[in-house]
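Colleague: Once you've had a glance at the structure underneath, I'll fire off some questions.
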Amino acid sequence: MNGWILAATAVLGAGVGATVWGVATGPLRRRVVAQNLSTALACPALLLLAQGYDRPAYVDLALVLALLGPVGTLVFARLLAGELAGDPPRARALTRSAAGLGAGVVLALCVAVGPSRALLKLLVVGVLLVGGNLLASRALSGGMAGARRG
Amino acid sequence: MNPRTRLWLVATGGAGLAALLVAACLRLPRFGGDRHPYGDRAVHASLERHTANTVASVNFDQRAFDTLGEMTILFAAVLGCVVLLRQTRDEHRAHPEPADVARPVRRYALLVLPVALLTGLYVVAHGQLSPGGGFQGGVVAATALHVLYLGADYRALERVRPVGAYEVGDALATSAYLVTGVAGLIGGTAFLANTLLPYGTFNTLSSGGTVPLLNAAVGMEVACAVVVLLAGFLDQAVEIVDEGEDDDRAGDGHHHEERGK
Amino acid sequence: MGEAVIVVALLLVAVSATAAVAVRDPVRQSLVLAVLGVVLAVLFTVLQAPDVALSQLAVGSALTPLLLLLTVRKVKRRGRRRRENEP
């Protein structure tokens, strides 16, 4: 077991574990935030695992999650807009720290990989992950208010 | 055949199957080891045919007939959904309302749509090299289109999604898989046998013989099937209202369109 | 020691799958189901089955929630109409 897998285990146990607890209990506004954070945290974990197992092809998993995870949150933001309008979720600090963690992991992996095509792919995943999750969080807290019935 | 004989027949067959299963279980390789006779043979066969991803080789070469069955299941399931979710006589169609989505969300959707579409194609095309393949890539590509519904509104999605064309694409892709199989029968040795094309250079896009072709057929089939499936669900949730249903928007000056069937 | 990450992934799947069964409201259930999909994908990855993990991510992260929530929306609209029509 190397440092990368250890780091992935920590992110999974502490971060994703907390989001599992967050999505299973509490009001709806907390659950949607937990769902968004679960993809924001699992994606860096998948990147760390790819590096830890020394399998560059596993980065594809993180790429698909970075693309479709925020899209999934947009599904909830769009179709639950009516329910969330009266009680909008506010989790700016949490979302930002998850985004920071994602960016940190991507940077560390970029340094480890060095200049190559893999680096480019990592950067794409990083941009999609951080941008997507910040935007999905924005959509949850009112970005879809004008689309309650369509 | 009277019920008694039938029961005996089932009991005999069942007992025989159970005995064979128990006999097979007793000779299974030990649980949890890193060597496995079937795994070793599958990896050997996939390397022989220059397919870097053994899972793709198992799915689209060594057990391509199984995949044909799975593909047919998806095809039949989507067909069933289309029949169940069709517009019935006592339902009519209301025009979907334009949605007012915040500008950053709209921009994000327009950015993600092409990226996700490209990723779907990439996953399909690299099925024989890295994790992924027709099914995964097809789902990603089909999901990509529906970002338009999330980031704009249903009318924007309907503009890029003529359902009829996707239904035709679904059927064509299923036939393409069958045709590739029959071509193996005519030009090679057996149905779906991977003897038709050169195996190519290991770990390049064109390696693996017919594996990339079958991957592409499955990718197209899955993408079209998911689009048609979601179209059924979206129509029901957004457009189709029951006869006499006092929808929230009925009073907003939106006209209803009757479509007799 | 190398199995720690497998144990963590298994625990996450066990907890979220139990939660998906225990939660009764379909809307909240679909949220739990989305998270369950992600942790299942992680489990498949640590068990070295990336093809399965990719299938799970493709289907579970956006497609399943969309199908579920569209169904809930249709059923709710119909239920509201029934209630309004009752004397």
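Chain labels follow the order of the structure tokens: the first chain is A, the next B, and so on; residue numbering restarts at 1 in every chain, and ligands are counted from 1 in their shown order.
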Contacts of segment 21-24 of chain C at 12 Å or less, counting only C-alpha atoms, minus same-chain residues fewer than 3 places along, as an MDAnalysis selection string?

Modeller: (chainID A and resid 23:26 31) or (chainID C and resid 14:18 27:33 36)

Colleague: List the spatial neighbours of Leu85 of chain B as a count of residues only - criterion: any atom at most 7 Å away, only C-alpha atoms, same-chain residues fewer than 3 positions off excluded.

Modeller: 4

Colleague: Could you write out as an MDAnalysis selection string the residues of chain C within 6 Å of chain B, counting only C-alpha atoms?

Modeller: chainID C and resid 50:51 55 58 70 74

Colleague: Identify all chain A residues at most 10 Å from chain B by counting only C-alpha atoms; ligands do not count. Present them as an NGL selection string.

Modeller: :A and (55-61 or 63-64 or 67-68 or 71-72 or 74-79 or 128 or 131-132 or 135-136 or 138-139 or 142-150)

Colleague: Excluding segment 200-205 of chain B and any residue of its chain fewer than 5 positions from it, enumerate the residues within 8 Å of it, using only C-alpha atoms, and give them as a list in words.

Modeller: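 These residues fall inside the cut-off: His50, Thr51, Ala52, Ala125, His126, Gln128 and Leu129 of chain B.
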
Colleague: Keeping C-alpha atoms for every residue in the selection just given, could you write it to a file as a compact mmCIF listing (two decimals), in the first residue's frame?

Modeller:
# COMPACT_ATOMS: atom_id res chain seq x y z
CA HIS B 50 -4.16 -8.18 -30.07
CA THR B 51 -6.95 -6.90 -27.79
CA ALA B 52 -5.38 -4.98 -24.89
CA ALA B 125 -13.56 4.04 -29.58
CA HIS B 126 -11.08 2.98 -26.87
CA GLN B 128 -10.58 -2.50 -26.90
CA LEU B 129 -7.72 -0.63 -25.18

Colleague: Mind checking which residues fall within 12 Å of Ala112 of chain A, counting only C-alpha atoms, ignoring those fewer than 5 positions away in the same chain, and posting them as an NGL selection string?

Modeller: :A and (4 or 48 or 51-52 or 54 or 105-107 or 118-119 or 122)

Colleague: How about saving the chosen residues, N, CA and C atoms kept, as an mmCIF file, in the first residue's frame?

Modeller:
data_model
loop_
_atom_site.group_PDB
_atom_site.id
_atom_site.type_symbol
_atom_site.label_atom_id
_atom_site.label_comp_id
_atom_site.auth_asym_id
_atom_site.auth_seq_id
_atom_site.Cartn_x
_atom_site.Cartn_y
_atom_site.Cartn_z
ATOM 1 N N TRP A 4 -0.387 7.103 -2.126
ATOM 2 C CA TRP A 4 -1.555 7.531 -2.903
ATOM 3 C C TRP A 4 -2.801 6.788 -2.446
ATOM 4 N N LEU A 48 -6.625 9.470 -7.206
ATOM 5 C CA LEU A 48 -5.557 8.973 -6.329
ATOM 6 C C LEU A 48 -5.384 7.467 -6.494
ATOM 7 N N GLN A 51 -3.489 6.611 -9.642
ATOM 8 C CA GLN A 51 -2.055 6.814 -9.462
ATOM 9 C C GLN A 51 -1.462 5.736 -8.557
ATOM 10 N N GLY A 52 -2.212 5.377 -7.513
ATOM 11 C CA GLY A 52 -1.715 4.396 -6.558
ATOM 12 C C GLY A 52 -1.553 3.011 -7.170
ATOM 13 N N ASP A 54 -1.030 2.599 -10.265
ATOM 14 C CA ASP A 54 -0.195 2.812 -11.443
ATOM 15 C C ASP A 54 -0.917 2.360 -12.712
ATOM 16 N N VAL A 105 -5.550 17.819 -5.064
ATOM 17 C CA VAL A 105 -5.217 16.458 -5.508
ATOM 18 C C VAL A 105 -4.745 16.478 -6.956
ATOM 19 N N VAL A 106 -5.482 17.243 -7.813
ATOM 20 C CA VAL A 106 -5.095 17.291 -9.227
ATOM 21 C C VAL A 106 -3.697 17.891 -9.366
ATOM 22 N N LEU A 107 -3.401 18.947 -8.590
ATOM 23 C CA LEU A 107 -2.074 19.567 -8.681
ATOM 24 C C LEU A 107 -0.982 18.588 -8.249
ATOM 25 N N ALA A 118 -0.753 12.626 -20.264
ATOM 26 C CA ALA A 118 -1.525 12.310 -19.060
ATOM 27 C C ALA A 118 -1.792 13.566 -18.239
ATOM 28 N N LEU A 119 -0.798 14.487 -18.251
ATOM 29 C CA LEU A 119 -0.949 15.745 -17.510
ATOM 30 C C LEU A 119 -2.125 16.545 -18.057
ATOM 31 N N LEU A 122 -5.342 15.077 -16.917
ATOM 32 C CA LEU A 122 -5.573 15.406 -15.509
ATOM 33 C C LEU A 122 -6.106 16.819 -15.366
#

Colleague: Please build the interface table for chain C against chain A with a cut-off of 8 Å, listing for each qualifying residue the nearest atom pair and the distance in Å to one decimal; count only C-alpha atoms, order rows by chain and increasing number, and write it as a Markdown table.

Modeller:
| residue | atom | partner | partner_atom | distance |
| --- | --- | --- | --- | --- |
| C:Met1 | CA | A:Met1 | CA | 6.6 |
| C:Gly2 | CA | A:Met1 | CA | 4.8 |
| C:Ala4 | CA | A:Thr9 | CA | 7.3 |
| C:Val5 | CA | A:Thr9 | CA | 5.1 |
| C:Val8 | CA | A:Gly13 | CA | 6.1 |
| C:Ala9 | CA | A:Leu12 | CA | 7.5 |
| C:Leu12 | CA | A:Gly17 | CA | 6.4 |
| C:Val15 | CA | A:Val20 | CA | 7.6 |
| C:Ser16 | CA | A:Val20 | CA | 6.1 |
| C:Ala19 | CA | A:Ala24 | CA | 5.8 |
| C:Ala20 | CA | A:Ala24 | CA | 7.7 |
| C:Val23 | CA | A:Ala24 | CA | 7.3 |
| C:Arg28 | CA | A:Leu28 | CA | 7.2 |
| C:Leu31 | CA | A:Gln35 | CA | 6.5 |
| C:Val32 | CA | A:Val23 | CA | 5.9 |
| C:Ala34 | CA | A:Gln35 | CA | 7.1 |
| C:Val35 | CA | A:Gln35 | CA | 6.0 |
| C:Val38 | CA | A:Thr39 | CA | 7.0 |
| C:Val39 | CA | A:Ala42 | CA | 7.7 |
| C:Val42 | CA | A:Leu46 | CA | 7.0 |
| C:Thr45 | CA | A:Leu46 | CA | 7.9 |
| C:Val46 | CA | A:Leu49 | CA | 7.7 |
| C:Pro50 | CA | A:Tyr58 | CA | 6.8 |
| C:Ala53 | CA | A:Leu61 | CA | 7.4 |
| C:Leu54 | CA | A:Leu61 | CA | 5.8 |
| C:Leu57 | CA | A:Leu65 | CA | 6.4 |
| C:Ala58 | CA | A:Val64 | CA | 7.1 |
| C:Ser61 | CA | A:Gly72 | CA | 5.4 |
| C:Ala62 | CA | A:Gly72 | CA | 4.1 |
| C:Leu63 | CA | A:Gly72 | CA | 7.7 |
| C:Pro65 | CA | A:Gly72 | CA | 7.0 |
| C:Leu66 | CA | A:Val75 | CA | 6.1 |
| C:Leu69 | CA | A:Leu79 | CA | 6.7 |
| C:Leu70 | CA | A:Leu79 | CA | 7.6 |
| C:Arg73 | CA | A:Leu79 | CA | 8.0 |

Colleague: Applying 6 Å and only C-alpha atoms, which residues near Gly219 of chain B remain after dropping the ones on its own chain fewer than 2 positions away? List them as a ChimeraX atom specification.

Modeller: /B:134-135,138,215-217,221-222

Colleague: Please return as a PyMOL selection string: the residues of chain A that backbone DSSP assigns to alpha helix (DSSP H).

Modeller: chain A and resi 3-10+17-24+28-52+59-79+81-85+92-113+117-138

Colleague: Emit the selected residues as a compact mmCIF listing (two decimals), in the first residue's frame, including C-alpha atoms.

Modeller:
# COMPACT_ATOMS: atom_id res chain seq x y z
CA GLY A 3 0.90 6.89 -0.07
CA TRP A 4 -1.56 7.53 -2.90
CA ILE A 5 -3.83 4.68 -1.87
CA LEU A 6 -3.53 5.78 1.76
CA ALA A 7 -4.63 9.27 0.76
CA ALA A 8 -7.51 7.82 -1.27
CA THR A 9 -8.57 5.74 1.74
CA ALA A 10 -8.57 8.87 3.91
CA GLY A 17 -18.31 8.68 4.50
CA ALA A 18 -19.56 12.05 5.74
CA THR A 19 -21.56 12.61 2.56
CA VAL A 20 -23.19 9.17 2.91
CA TRP A 21 -24.30 10.18 6.39
CA GLY A 22 -25.38 13.60 5.10
CA VAL A 23 -27.51 12.19 2.28
CA ALA A 24 -29.20 9.59 4.49
CA LEU A 28 -33.83 17.87 1.67
CA ARG A 29 -31.54 20.91 1.39
CA ARG A 30 -28.81 19.06 3.26
CA ARG A 31 -29.22 15.90 1.21
CA VAL A 32 -28.81 17.59 -2.17
CA VAL A 33 -25.61 19.28 -0.95
CA ALA A 34 -24.32 15.92 0.30
CA GLN A 35 -25.06 14.36 -3.10
CA ASN A 36 -23.08 17.09 -4.85
CA LEU A 37 -20.17 16.74 -2.40
CA SER A 38 -20.12 12.95 -2.83
CA THR A 39 -19.12 13.29 -6.48
CA ALA A 40 -16.78 16.21 -5.67
CA LEU A 41 -14.90 13.96 -3.20
CA ALA A 42 -15.13 10.56 -4.92
CA CYS A 43 -13.56 11.95 -8.10
CA PRO A 44 -10.25 12.95 -6.41
CA ALA A 45 -10.30 9.57 -4.66
CA LEU A 46 -10.57 7.81 -8.04
CA LEU A 47 -7.66 9.90 -9.36
CA LEU A 48 -5.56 8.97 -6.33
CA LEU A 49 -6.43 5.29 -6.81
CA ALA A 50 -5.44 5.43 -10.49
CA GLN A 51 -2.05 6.81 -9.46
CA GLY A 52 -1.71 4.40 -6.56
CA VAL A 59 -8.29 8.15 -15.01
CA ASP A 60 -11.19 7.62 -17.46
CA LEU A 61 -13.38 6.79 -14.46
CA ALA A 62 -12.60 10.13 -12.85
CA LEU A 63 -13.19 11.87 -16.19
CA VAL A 64 -16.67 10.36 -16.54
CA LEU A 65 -17.51 11.15 -12.91
CA ALA A 66 -16.25 14.75 -13.26
CA LEU A 67 -18.53 15.15 -16.28
CA LEU A 68 -21.66 13.32 -15.17
CA GLY A 69 -21.55 13.96 -11.40
CA PRO A 70 -22.41 17.68 -11.72
CA VAL A 71 -24.96 16.78 -14.43
CA GLY A 72 -26.62 14.47 -11.89
CA THR A 73 -26.76 17.32 -9.37
CA LEU A 74 -28.28 19.54 -12.09
CA VAL A 75 -30.99 16.88 -12.52
CA PHE A 76 -31.88 17.24 -8.84
CA ALA A 77 -31.61 21.04 -8.95
CA ARG A 78 -33.90 21.20 -11.98
CA LEU A 79 -36.56 18.70 -10.96
CA ALA A 81 -36.51 23.39 -7.93
CA GLY A 82 -40.00 23.79 -6.47
CA GLU A 83 -39.14 21.99 -3.23
CA LEU A 84 -35.81 23.77 -2.84
CA ALA A 85 -37.10 27.27 -3.60
CA ARG A 92 -20.63 27.70 0.34
CA ALA A 93 -17.80 26.87 2.74
CA LEU A 94 -18.21 23.10 2.37
CA THR A 95 -18.44 23.27 -1.42
CA ARG A 96 -15.38 25.49 -1.62
CA SER A 97 -13.31 23.23 0.62
CA ALA A 98 -14.30 20.19 -1.46
CA ALA A 99 -13.34 22.09 -4.61
CA GLY A 100 -10.06 23.06 -2.95
CA LEU A 101 -9.36 19.43 -2.09
CA GLY A 102 -10.08 18.40 -5.69
CA ALA A 103 -7.78 21.10 -7.05
CA GLY A 104 -5.05 20.14 -4.55
CA VAL A 105 -5.22 16.46 -5.51
CA VAL A 106 -5.09 17.29 -9.23
CA LEU A 107 -2.07 19.57 -8.68
CA ALA A 108 -0.22 16.92 -6.64
CA LEU A 109 -0.89 14.33 -9.34
CA CYS A 110 0.25 16.74 -12.05
CA VAL A 111 3.55 17.20 -10.24
CA ALA A 112 3.90 13.42 -9.89
CA VAL A 113 3.06 12.73 -13.56
CA ARG A 117 -0.39 13.77 -22.37
CA ALA A 118 -1.52 12.31 -19.06
CA LEU A 119 -0.95 15.75 -17.51
CA LEU A 120 -3.31 17.31 -20.03
CA LYS A 121 -6.00 14.77 -19.24
CA LEU A 122 -5.57 15.41 -15.51
CA LEU A 123 -5.96 19.14 -16.05
CA VAL A 124 -9.15 18.58 -18.07
CA VAL A 125 -10.54 16.38 -15.29
CA GLY A 126 -9.57 19.00 -12.70
CA VAL A 127 -11.25 21.88 -14.54
CA LEU A 128 -14.42 19.84 -15.17
CA LEU A 129 -14.51 18.65 -11.55
CA VAL A 130 -14.00 21.99 -9.80
CA GLY A 131 -16.03 24.06 -12.28
CA GLY A 132 -18.83 21.52 -12.46
CA ASN A 133 -19.26 21.15 -8.73
CA LEU A 134 -19.13 24.88 -7.98
CA LEU A 135 -21.72 25.45 -10.70
CA ALA A 136 -23.94 22.58 -9.55
CA SER A 137 -23.89 24.07 -6.06
CA ARG A 138 -24.90 27.43 -7.52

Colleague: Atom CA of Arg30 of chain B to atom CA of Leu47 of chain C: how many Å, to one decimal?

Modeller: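 Straight-line distance from atom CA of Arg30 of chain B to atom CA of Leu47 of chain C works out to 17.5 Å.
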